[in-house]
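This report concerns only the one structure given below.
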Amino acid sequence: MKFNFKKISAIGASLLLTGLTMGVAAAASYPEPFVSGGVADVAIVYGSGAYALDGIPAKSIQDELATHVSGSLVASGENVYQFEKTSTKLHLGDHYVNITTTLDDDSDELPVLLAAGKFIDNDKDEFDYTQKIVMGALGQLTMFDDNDYKADTPTVGFRIPASQNILTYTLTFSDTPLMSDLPTSNLPLMGKNYYVLSNTTTTLTLLDSAETAILSEGETATIDGKVVSIEYIGSTEVKLNIDGETTASLAEAQTQKLKEGSYIGIKDILYNAVQGADNKVEFSIGSGKLKLTDGGSADVQINDNSVSGVVADFSLSGDTLTSINITWSAEDDSFVTDDSDLTMPGFEIVKLSYGGLTYPTEEVIEVQQGGTTYATLNDFPLKDGVKDIDFLYGDSTSFTALGKDASNVFVTDANKDGNITFDKDTDAYFVVSWTDTKDAESYLMKANGFTTDSSSIDRVDIEYWSDGAWVKKKASAKATDTLTIGSIGLTLGAVSNSGNSVEIWNSSANTATSITSFNTLYSKEGMTLYLPWVNSTATNITNTTTYSTAALACAALGLHSGVGEIFTGTLAYNSSTLSVSTTACATSWTLNTIEEDRTGAKYSGDAINLTLGWDSSTTAEVEVSDVVGEEVTFAEIGSTKVERSFMYSALATEILWNKPSTGQKSVKLIYHGDEVAGDAYISSADATMAAGEIGTVLYTDAETASYKEKNVIVVGGSCINAAAAALVGGRLCEGAWTTATGVGSGQYIIKGYATSSITSKFALLVAGYNAADTVNAATYLRTQNPDLSAQFIGPQ
């Protein structure tokens, strides 16, 4: 059986998406972003006509990247179970037991490894048995930062604390065999037969590898590489010669350890006293002695050495055996990650594996400083393209209004059924959004081109942002005209050419399943952001209510019915003792963002609150000063000053908080738009990973349309590769190349470009001074997994 087995780096793929500003490739290393989450997003570009030179190292990079692409977990028979059900995925923050507590031979739960069957004791009596595994309660899929695993590397996977139960295996007999009848039988445990060497009332000694044969007197046989013959055979005992070593006289069910460490066990003596009869012995030779001790406290022993964390417990009914429990607990802190499986020690039969998180898609919502005094949503992913949205500004002390500045105002409105007035002289744009709680869309719009026609009717063009440009949605519109954009209907109110202003109304009343608003923003994949809005309604203050100074300030910022409110209205007092400073504005404001839930219902998931504040510069600058709502403590990625966290939710939003030593803090939310599944497995220990397929990723520099929207690896220098020339500033050869790059004869460069003219995503230059040097560059990239945040010139 094969299961999709995704691979994802310990560091989020998201750092290298479009619009990266965290230092080219902060904290990310090859093969990301070219393969992330097991999915390839890459074009490898070499110079036209230069395949014989640079196509070969380009192909070598392609072949290496293919090893990181999603493949299949393959095991013999049906010995693989993924912790997932048709309607229930394993989410970040979930435990194994959220999917299933007990595994047995049901059709989807290790039907071979845990198959029911019949046990035959040494008296040839048959006993029905069943097998099961019960998962420990603390196997949780989390993000952890543990130097015992990897230093300064916040990682997604399973961290099981020392001494905690991982799983318990149980073999149960429906009819109970005598303990004394177990020796020389084959005892089934986890899909494997163990030869029972001996027993006491509290112990079982097994061989994990044994070969059985029947040997006639006077013959020799080679068993397990050893030459065996019968020295003596009688009705009750036998002596065997094994590679020149003669055993003691052994009766049925007796065993002996040989000098070289193997064990011999006598299963049956087939003796006939009639002269000339064919006397035979059935015996087993095996190795790998396991000793199970009843009580649940003594470690299992292998070849007389204790296996820490694995203990046995027998259920006995008199002198018969009802069940055997084998409990596996973590000896030390143990980890199951995308590059670290965990196999049950001693038995080496069952293992836990993790293939990473399977992301349906990714988009980046970045909140950062747009300028000294204003905050922006950088390259915000709208339905019709990305756009910077400047949404809040202040005076280096307080936040005072919306947008970039007084000449570039972001217009919003408090009322969902209300209207906005757009003034071209001061306003930059407005947002209008719609949702039926399952689907949602947002449009960034503005009014432009105010005119007065020959009939003295004032008219205006209504535009919206689409694919990198402002596009007219309705040209030369007049008051009372209507327009439709997506699922939204709008009506124009008063249009003033002289005032460069227009009123824009929601055309229809909102219902529970059709909501239009001017204060909510939905990302393309469905994240909800509640925008600030200006409350200009007069507020009466009485002496019966206590208000903080900030709540009464000229720009009181807080949450109002789930929507951020900036108060600029008139304050009326009726208490002579109430003293309020109307010039001290609030110094912070919280941007409230909410995920969808697992069904896709808008604003029904977990919330992440981003606090906008001011840094400690001499002239304070805006920054993201706090993040509230994250469900795991932020941990720094290496020494990058970028801290990582996640939401433990069905959508597993990743949070990257950039906290540079100098400069302003910013946040990226990596939103996935749909349910994110953790690929966790329990399987036989022989399960292996089959390679995936990467598809066509090799292109010449002339095939620009094929790679302009992919992450690009440019192989070869600027003299023969136009893509490289675009990165370094021209078709530079020899000395000019060295001057521009610092790369001379015998050297190569690996350098990342967050922005470039050749792609909308990340570009990486892998090039040497000559063709041989480029081969060395490709080799270094493939074998050393370099940090792409730093330029590397080699060899060093």
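Ordering of the structure tokens sets the chain letters (A, B, ...), residue numbers begin anew at 1 in every chain, and ligands are numbered from 1 in the order given.
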
With only C-alpha atoms as the counted atoms, please give the residues lying no more than 8 Å from stretch 494-509 of chain A, apart from itself and same-chain residues fewer than 2 positions off, as a PyMOL selection string. chain A and resi 417-425+447+450-452+458-460+478-480+482+488-492+511+516-517

File of the preceding selection, C-alpha atoms, as a CSV table (one decimal), in the first residue's frame:
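Written out: selection-v6.csv:
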chain,number,residue,atom,x,y,z
A,417,ASP,CA,-25.4,48.9,5.4
A,418,GLY,CA,-24.0,52.4,5.2
A,419,ASN,CA,-22.1,54.4,2.7
A,420,ILE,CA,-18.8,56.2,2.2
A,421,THR,CA,-17.9,59.5,0.8
A,422,PHE,CA,-14.8,59.6,-1.4
A,423,ASP,CA,-12.9,62.8,-1.8
A,424,LYS,CA,-10.3,62.6,-4.6
A,425,ASP,CA,-8.4,65.6,-3.2
A,447,ALA,CA,-13.1,57.4,-7.8
A,450,PHE,CA,-14.5,63.8,-12.3
A,451,THR,CA,-16.1,65.8,-15.1
A,452,THR,CA,-19.3,67.8,-15.9
A,458,ASP,CA,-21.4,65.7,-12.8
A,459,ARG,CA,-19.8,62.4,-13.6
A,460,VAL,CA,-17.1,60.2,-12.2
A,478,LYS,CA,-23.6,59.9,-12.4
A,479,ALA,CA,-25.7,60.0,-9.2
A,480,THR,CA,-28.2,57.2,-8.9
A,482,THR,CA,-25.5,51.4,-10.1
A,488,ILE,CA,-21.5,43.4,-4.7
A,489,GLY,CA,-24.0,45.9,-5.9
A,490,LEU,CA,-23.3,49.7,-5.4
A,491,THR,CA,-25.3,52.8,-6.0
A,492,LEU,CA,-23.8,56.3,-6.5
A,511,THR,CA,-29.0,39.7,5.4
A,516,THR,CA,-21.5,43.9,2.1
A,517,SER,CA,-19.2,46.1,4.2

If we count only C-alpha atoms and set the cut-off at 7 Å, which residues sit around A:Tyr530, ignoring sequence neighbours fewer than 2 positions away in its own chain? Please answer as a count of residues only. 10

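For the pair atom CA of A:Gly136 and atom CA of A:His91, the interatomic distance is 17.2 Å.
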
Find the spatial neighbours of stretch 254-269 of chain A, counting only C-alpha atoms, within a cut-off of 10 Å - ignore same-chain residues fewer than 3 positions away - and output them as a PyMOL selection string. chain A and resi 122-123+183-185+195-198+207+209-214+224+233-240+242+245-251+272+279-289+303

Given only C-alpha atoms as the basis, pick out the residue of A:Gly794, A:Gly117, A:Gly493, A:Pro161 nearest to A:Lys192.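 Between A:Gly794, A:Gly117, A:Gly493, A:Pro161, the residue approaching A:Lys192 most closely is A:Gly117.
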
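Take the candidates A:Trp328, A:Phe399, A:Tyr30, A:Tyr671 and check each one against A:Thr361 using only C-alpha atoms; the shortest distance goes to A:Tyr671.
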
Could you list, with a cut-off of 10 Å and counting only C-alpha atoms, the residues of stretch 663-719 of chain A near stretch 734-750 of chain A, each shown with its nearest atom pair and the distance in Å rounded to one decimal, rows sorted by chain and ascending number, as a tab-separated table?
residue	atom	partner	partner_atom	distance
A:Ile713	CA	A:Ile750	CA	9.8
A:Val714	CA	A:Ile750	CA	9.7
A:Val715	CA	A:Ile750	CA	9.7
A:Gly716	CA	A:Tyr748	CA	9.6
A:Gly717	CA	A:Trp737	CA	8.1
A:Ser718	CA	A:Trp737	CA	7.4
A:Cys719	CA	A:Trp737	CA	8.0

Just write the chosen residues, N, CA, C and O atoms, as a short mmCIF file (atom, residue, chain, number, x, y, z; two decimals), in the first residue's frame.
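Contents of the output file again-v8.cif:
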data_model
loop_
_atom_site.label_atom_id
_atom_site.label_comp_id
_atom_site.auth_asym_id
_atom_site.auth_seq_id
_atom_site.Cartn_x
_atom_site.Cartn_y
_atom_site.Cartn_z
N ILE A 713 16.01 29.19 -10.38
CA ILE A 713 17.44 28.96 -10.17
C ILE A 713 18.12 29.23 -11.51
O ILE A 713 17.87 28.53 -12.50
N VAL A 714 18.95 30.26 -11.55
CA VAL A 714 19.64 30.65 -12.77
C VAL A 714 21.03 30.03 -12.74
O VAL A 714 21.83 30.32 -11.85
N VAL A 715 21.30 29.16 -13.70
CA VAL A 715 22.56 28.42 -13.74
C VAL A 715 23.43 28.98 -14.87
O VAL A 715 23.02 28.98 -16.03
N GLY A 716 24.60 29.45 -14.50
CA GLY A 716 25.51 30.01 -15.50
C GLY A 716 25.61 31.52 -15.40
O GLY A 716 24.71 32.19 -14.90
N GLY A 717 26.71 32.05 -15.89
CA GLY A 717 27.00 33.47 -15.75
C GLY A 717 26.32 34.34 -16.78
O GLY A 717 25.69 33.88 -17.74
N SER A 718 26.49 35.64 -16.59
CA SER A 718 25.79 36.64 -17.39
C SER A 718 26.28 36.71 -18.82
O SER A 718 25.60 37.27 -19.69
N CYS A 719 27.42 36.17 -19.13
CA CYS A 719 27.95 36.23 -20.50
C CYS A 719 27.16 35.31 -21.43
O CYS A 719 27.05 35.60 -22.63
#

Go through A:Ala58, A:Ile608, A:Ile133, A:Val69 one by one, measure the shortest atom-to-atom distance of each to A:Glu32 using only C-alpha atoms, and give the residue with the smallest value.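 Nearest to A:Glu32: A:Val69.
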
Write out as a PDB file with C-alpha atoms, in the first residue's frame the residues lying within 7 Å of A:Ser523, counting only C-alpha atoms and excluding same-chain residues fewer than 4 positions away.
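Output below, filename selection.pdb:
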ATOM      1  CA  PRO A 381      -3.576  39.272  -1.684  1.00  0.00           C
ATOM      2  CA  LEU A 382      -6.886  40.610  -3.002  1.00  0.00           C
ATOM      3  CA  LYS A 383      -9.221  38.587  -5.194  1.00  0.00           C
ATOM      4  CA  MET A 527      -8.622  35.367   5.956  1.00  0.00           C
ATOM      5  CA  THR A 528     -10.749  38.102   7.567  1.00  0.00           C
TER       6      THR A 528
END

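Per DSSP on the backbone, alpha helix (DSSP H) in stretch 56-165 of chain A comprises Ile56, Pro57, Ala58, Lys59, Ser60, Ile61, Gln62, Asp63, Glu64, Leu65, Ala66, Tyr96, Val97, Asn98 and Ile99 of chain A.
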
As an exercise, work out the distance from atom CA of A:Gly309 to atom CA of A:Gly139 in Å and give it to one decimal place.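 That distance, rounded to one decimal, is 15.6 Å.
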
Given the choices A:Ala685, A:Leu187, A:Ala277, A:Val409, which gets closest to A:Gly346 if the distance is worked out from only C-alpha atoms?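 The closest residue to A:Gly346 is A:Ala685.
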
Please run DSSP on the backbone and report, as a PyMOL selection string, all residues within stretch 204-448 of chain A that come out as strand (DSSP E or B). chain A and resi 204-216+220-223+226-233+237-242+245-246+250-251+255-257+263-270+280-293+299-302+305-317+320-329+334-337+340+342-343+350-358+363-371+374-382+385-394+399-401+405+408-411+419-423+427-435+440-448

Dump of C-alpha atoms for the selected residues, as a compact mmCIF listing (two decimals), in the first residue's frame:
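Written out: part_6.txt:
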# COMPACT_ATOMS: atom_id res chain seq x y z
CA LEU A 204 9.45 -15.53 28.38
CA THR A 205 12.70 -15.81 26.43
CA LEU A 206 12.36 -15.45 22.66
CA LEU A 207 14.53 -15.51 19.57
CA ASP A 208 13.74 -12.84 17.02
CA SER A 209 15.28 -14.82 14.17
CA ALA A 210 15.12 -18.62 13.95
CA GLU A 211 15.17 -21.27 11.26
CA THR A 212 13.47 -24.62 11.81
CA ALA A 213 14.38 -27.89 10.16
CA ILE A 214 13.80 -31.66 10.44
CA LEU A 215 16.99 -33.70 10.30
CA SER A 216 17.30 -37.51 9.91
CA THR A 220 23.79 -33.42 7.59
CA ALA A 221 22.05 -30.17 6.79
CA THR A 222 23.06 -26.53 6.56
CA ILE A 223 20.74 -24.39 8.66
CA LYS A 226 25.66 -23.82 10.08
CA VAL A 227 26.37 -27.50 9.33
CA VAL A 228 24.23 -29.72 11.60
CA SER A 229 24.22 -33.50 12.20
CA ILE A 230 22.86 -35.87 14.85
CA GLU A 231 25.46 -37.25 17.28
CA TYR A 232 22.94 -39.27 19.30
CA ILE A 233 19.18 -39.68 19.33
CA GLU A 237 16.78 -36.74 24.17
CA VAL A 238 19.18 -35.88 21.39
CA LYS A 239 22.69 -34.53 20.91
CA LEU A 240 23.49 -32.42 17.87
CA ASN A 241 26.80 -31.46 16.28
CA ILE A 242 26.76 -27.89 15.04
CA GLU A 245 30.35 -28.21 18.61
CA THR A 246 28.39 -30.99 20.31
CA LEU A 250 18.54 -32.03 25.06
CA ALA A 251 14.97 -33.11 25.57
CA THR A 255 17.49 -25.13 24.56
CA GLN A 256 21.20 -24.40 24.65
CA LYS A 257 23.34 -21.40 23.80
CA TYR A 263 20.65 -20.75 20.33
CA ILE A 264 19.49 -24.28 19.54
CA GLY A 265 16.05 -25.47 20.59
CA ILE A 266 14.56 -28.95 20.27
CA LYS A 267 10.95 -28.91 19.10
CA ASP A 268 10.21 -32.63 18.56
CA ILE A 269 12.08 -35.93 18.77
CA LEU A 270 10.72 -38.44 16.25
CA LYS A 280 14.45 -37.62 13.16
CA VAL A 281 14.64 -34.44 15.20
CA GLU A 282 12.84 -31.14 14.60
CA PHE A 283 14.91 -28.24 15.89
CA SER A 284 15.40 -24.49 15.53
CA ILE A 285 18.53 -22.35 15.43
CA GLY A 286 18.16 -18.69 16.08
CA SER A 287 19.73 -15.49 17.34
CA GLY A 288 18.68 -12.21 18.94
CA LYS A 289 17.46 -13.31 22.36
CA LEU A 290 14.65 -11.24 23.85
CA LYS A 291 13.62 -11.66 27.45
CA LEU A 292 10.18 -10.44 28.58
CA THR A 293 9.61 -10.15 32.31
CA ASP A 299 12.99 -3.54 30.85
CA VAL A 300 12.88 -6.00 27.99
CA GLN A 301 16.35 -7.45 27.45
CA ILE A 302 18.06 -8.13 24.14
CA ASN A 305 21.18 -5.97 27.59
CA SER A 306 18.26 -3.88 28.85
CA VAL A 307 16.17 -1.92 26.34
CA SER A 308 15.23 1.23 28.25
CA GLY A 309 11.62 2.27 27.93
CA VAL A 310 10.17 -1.07 26.77
CA VAL A 311 8.51 -3.27 29.40
CA ALA A 312 6.23 -6.31 29.38
CA ASP A 313 3.27 -7.33 31.47
CA PHE A 314 1.49 -10.71 31.37
CA SER A 315 -2.13 -11.37 32.22
CA LEU A 316 -2.29 -14.86 33.72
CA SER A 317 -5.20 -17.05 34.71
CA THR A 320 -2.37 -20.12 31.54
CA LEU A 321 -1.59 -17.00 29.57
CA THR A 322 -4.42 -14.58 28.75
CA SER A 323 -2.49 -11.70 27.20
CA ILE A 324 0.89 -10.04 26.79
CA ASN A 325 1.23 -6.26 26.98
CA ILE A 326 4.38 -4.56 25.71
CA THR A 327 4.56 -0.87 26.62
CA TRP A 328 6.91 1.50 24.82
CA SER A 329 7.80 4.73 26.61
CA SER A 334 12.00 11.68 21.51
CA PHE A 335 11.15 13.27 18.18
CA VAL A 336 9.17 12.28 15.10
CA THR A 337 9.78 14.80 12.30
CA SER A 340 13.53 11.63 12.01
CA LEU A 342 11.02 6.70 15.71
CA THR A 343 11.29 2.90 15.79
CA VAL A 350 6.89 -0.82 14.33
CA LYS A 351 7.81 2.81 13.74
CA LEU A 352 6.27 6.26 13.75
CA SER A 353 6.91 8.57 10.81
CA TYR A 354 5.95 12.09 9.86
CA GLY A 355 5.94 13.56 6.37
CA GLY A 356 5.21 17.20 7.14
CA LEU A 357 2.13 19.38 6.77
CA THR A 358 0.21 19.20 3.53
CA GLU A 363 -0.63 33.26 0.80
CA VAL A 364 1.23 35.89 2.77
CA ILE A 365 -0.45 38.64 4.76
CA GLU A 366 2.31 40.99 5.80
CA VAL A 367 1.85 43.87 8.23
CA GLN A 368 4.78 46.25 8.36
CA GLN A 369 5.91 49.81 8.39
CA GLY A 370 5.04 51.47 5.10
CA GLY A 371 6.90 54.63 6.08
CA TYR A 374 2.20 54.73 8.67
CA ALA A 375 1.44 51.01 8.60
CA THR A 376 0.77 49.01 5.48
CA LEU A 377 -0.49 45.63 4.38
CA ASN A 378 2.36 44.78 2.05
CA ASP A 379 1.31 43.14 -1.23
CA PHE A 380 -2.03 42.20 0.26
CA PRO A 381 -3.58 39.27 -1.68
CA LEU A 382 -6.89 40.61 -3.00
CA GLY A 385 -4.19 40.72 -7.42
CA VAL A 386 -1.80 41.97 -4.76
CA LYS A 387 -1.59 45.58 -3.62
CA ASP A 388 0.03 47.57 -0.82
CA ILE A 389 -2.74 48.96 1.38
CA ASP A 390 -1.67 51.81 3.67
CA PHE A 391 -4.24 51.71 6.45
CA LEU A 392 -3.18 53.64 9.56
CA TYR A 393 -0.97 56.63 10.31
CA GLY A 394 0.03 58.88 13.15
CA PHE A 399 -2.38 57.08 15.69
CA THR A 400 -4.60 59.82 14.38
CA ALA A 401 -6.24 58.75 11.11
CA ASP A 405 -1.21 60.65 5.45
CA ASN A 408 -3.75 59.71 1.03
CA VAL A 409 -6.62 58.67 3.26
CA PHE A 410 -7.95 55.10 3.40
CA VAL A 411 -11.74 55.44 3.50
CA ASN A 419 -22.06 54.43 2.70
CA ILE A 420 -18.75 56.16 2.20
CA THR A 421 -17.91 59.54 0.76
CA PHE A 422 -14.79 59.55 -1.37
CA ASP A 423 -12.88 62.82 -1.85
CA ASP A 427 -8.50 60.08 -0.35
CA ALA A 428 -6.43 57.30 -1.90
CA TYR A 429 -8.88 54.39 -2.01
CA PHE A 430 -11.62 52.51 -0.21
CA VAL A 431 -12.43 48.85 0.27
CA VAL A 432 -15.75 47.13 -0.31
CA SER A 433 -16.29 43.49 0.62
CA TRP A 434 -18.97 40.82 0.46
CA THR A 435 -19.52 37.45 2.06
CA ALA A 440 -15.98 36.13 0.30
CA GLU A 441 -14.39 38.78 -1.89
CA SER A 442 -12.85 42.21 -1.39
CA TYR A 443 -12.10 44.97 -3.87
CA LEU A 444 -9.88 48.01 -3.51
CA MET A 445 -11.54 50.89 -5.31
CA LYS A 446 -11.32 54.62 -5.89
CA ALA A 447 -13.06 57.44 -7.76
CA ASN A 448 -11.26 59.31 -10.52

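The space separating atom CA of A:Ser625 from atom CA of A:Ser588 comes to 8.7 Å.
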
Just checking: using only C-alpha atoms, which residue out of A:Gly276, A:Thr633, A:Ile758, A:Val624 ends up closest to A:Ala705?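 The closest residue to A:Ala705 is A:Ile758.
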
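Near A:Ala151, within a cut-off of 12 Å and counting only C-alpha atoms, sit the residues Ala10, Phe144, Asp145, Asp146, Asn147, Asp148, Pro154, Thr155, Ala635, Glu636, Ile637, Gly638 and Ser639 of chain A, with same-chain residues fewer than 3 positions away left out.
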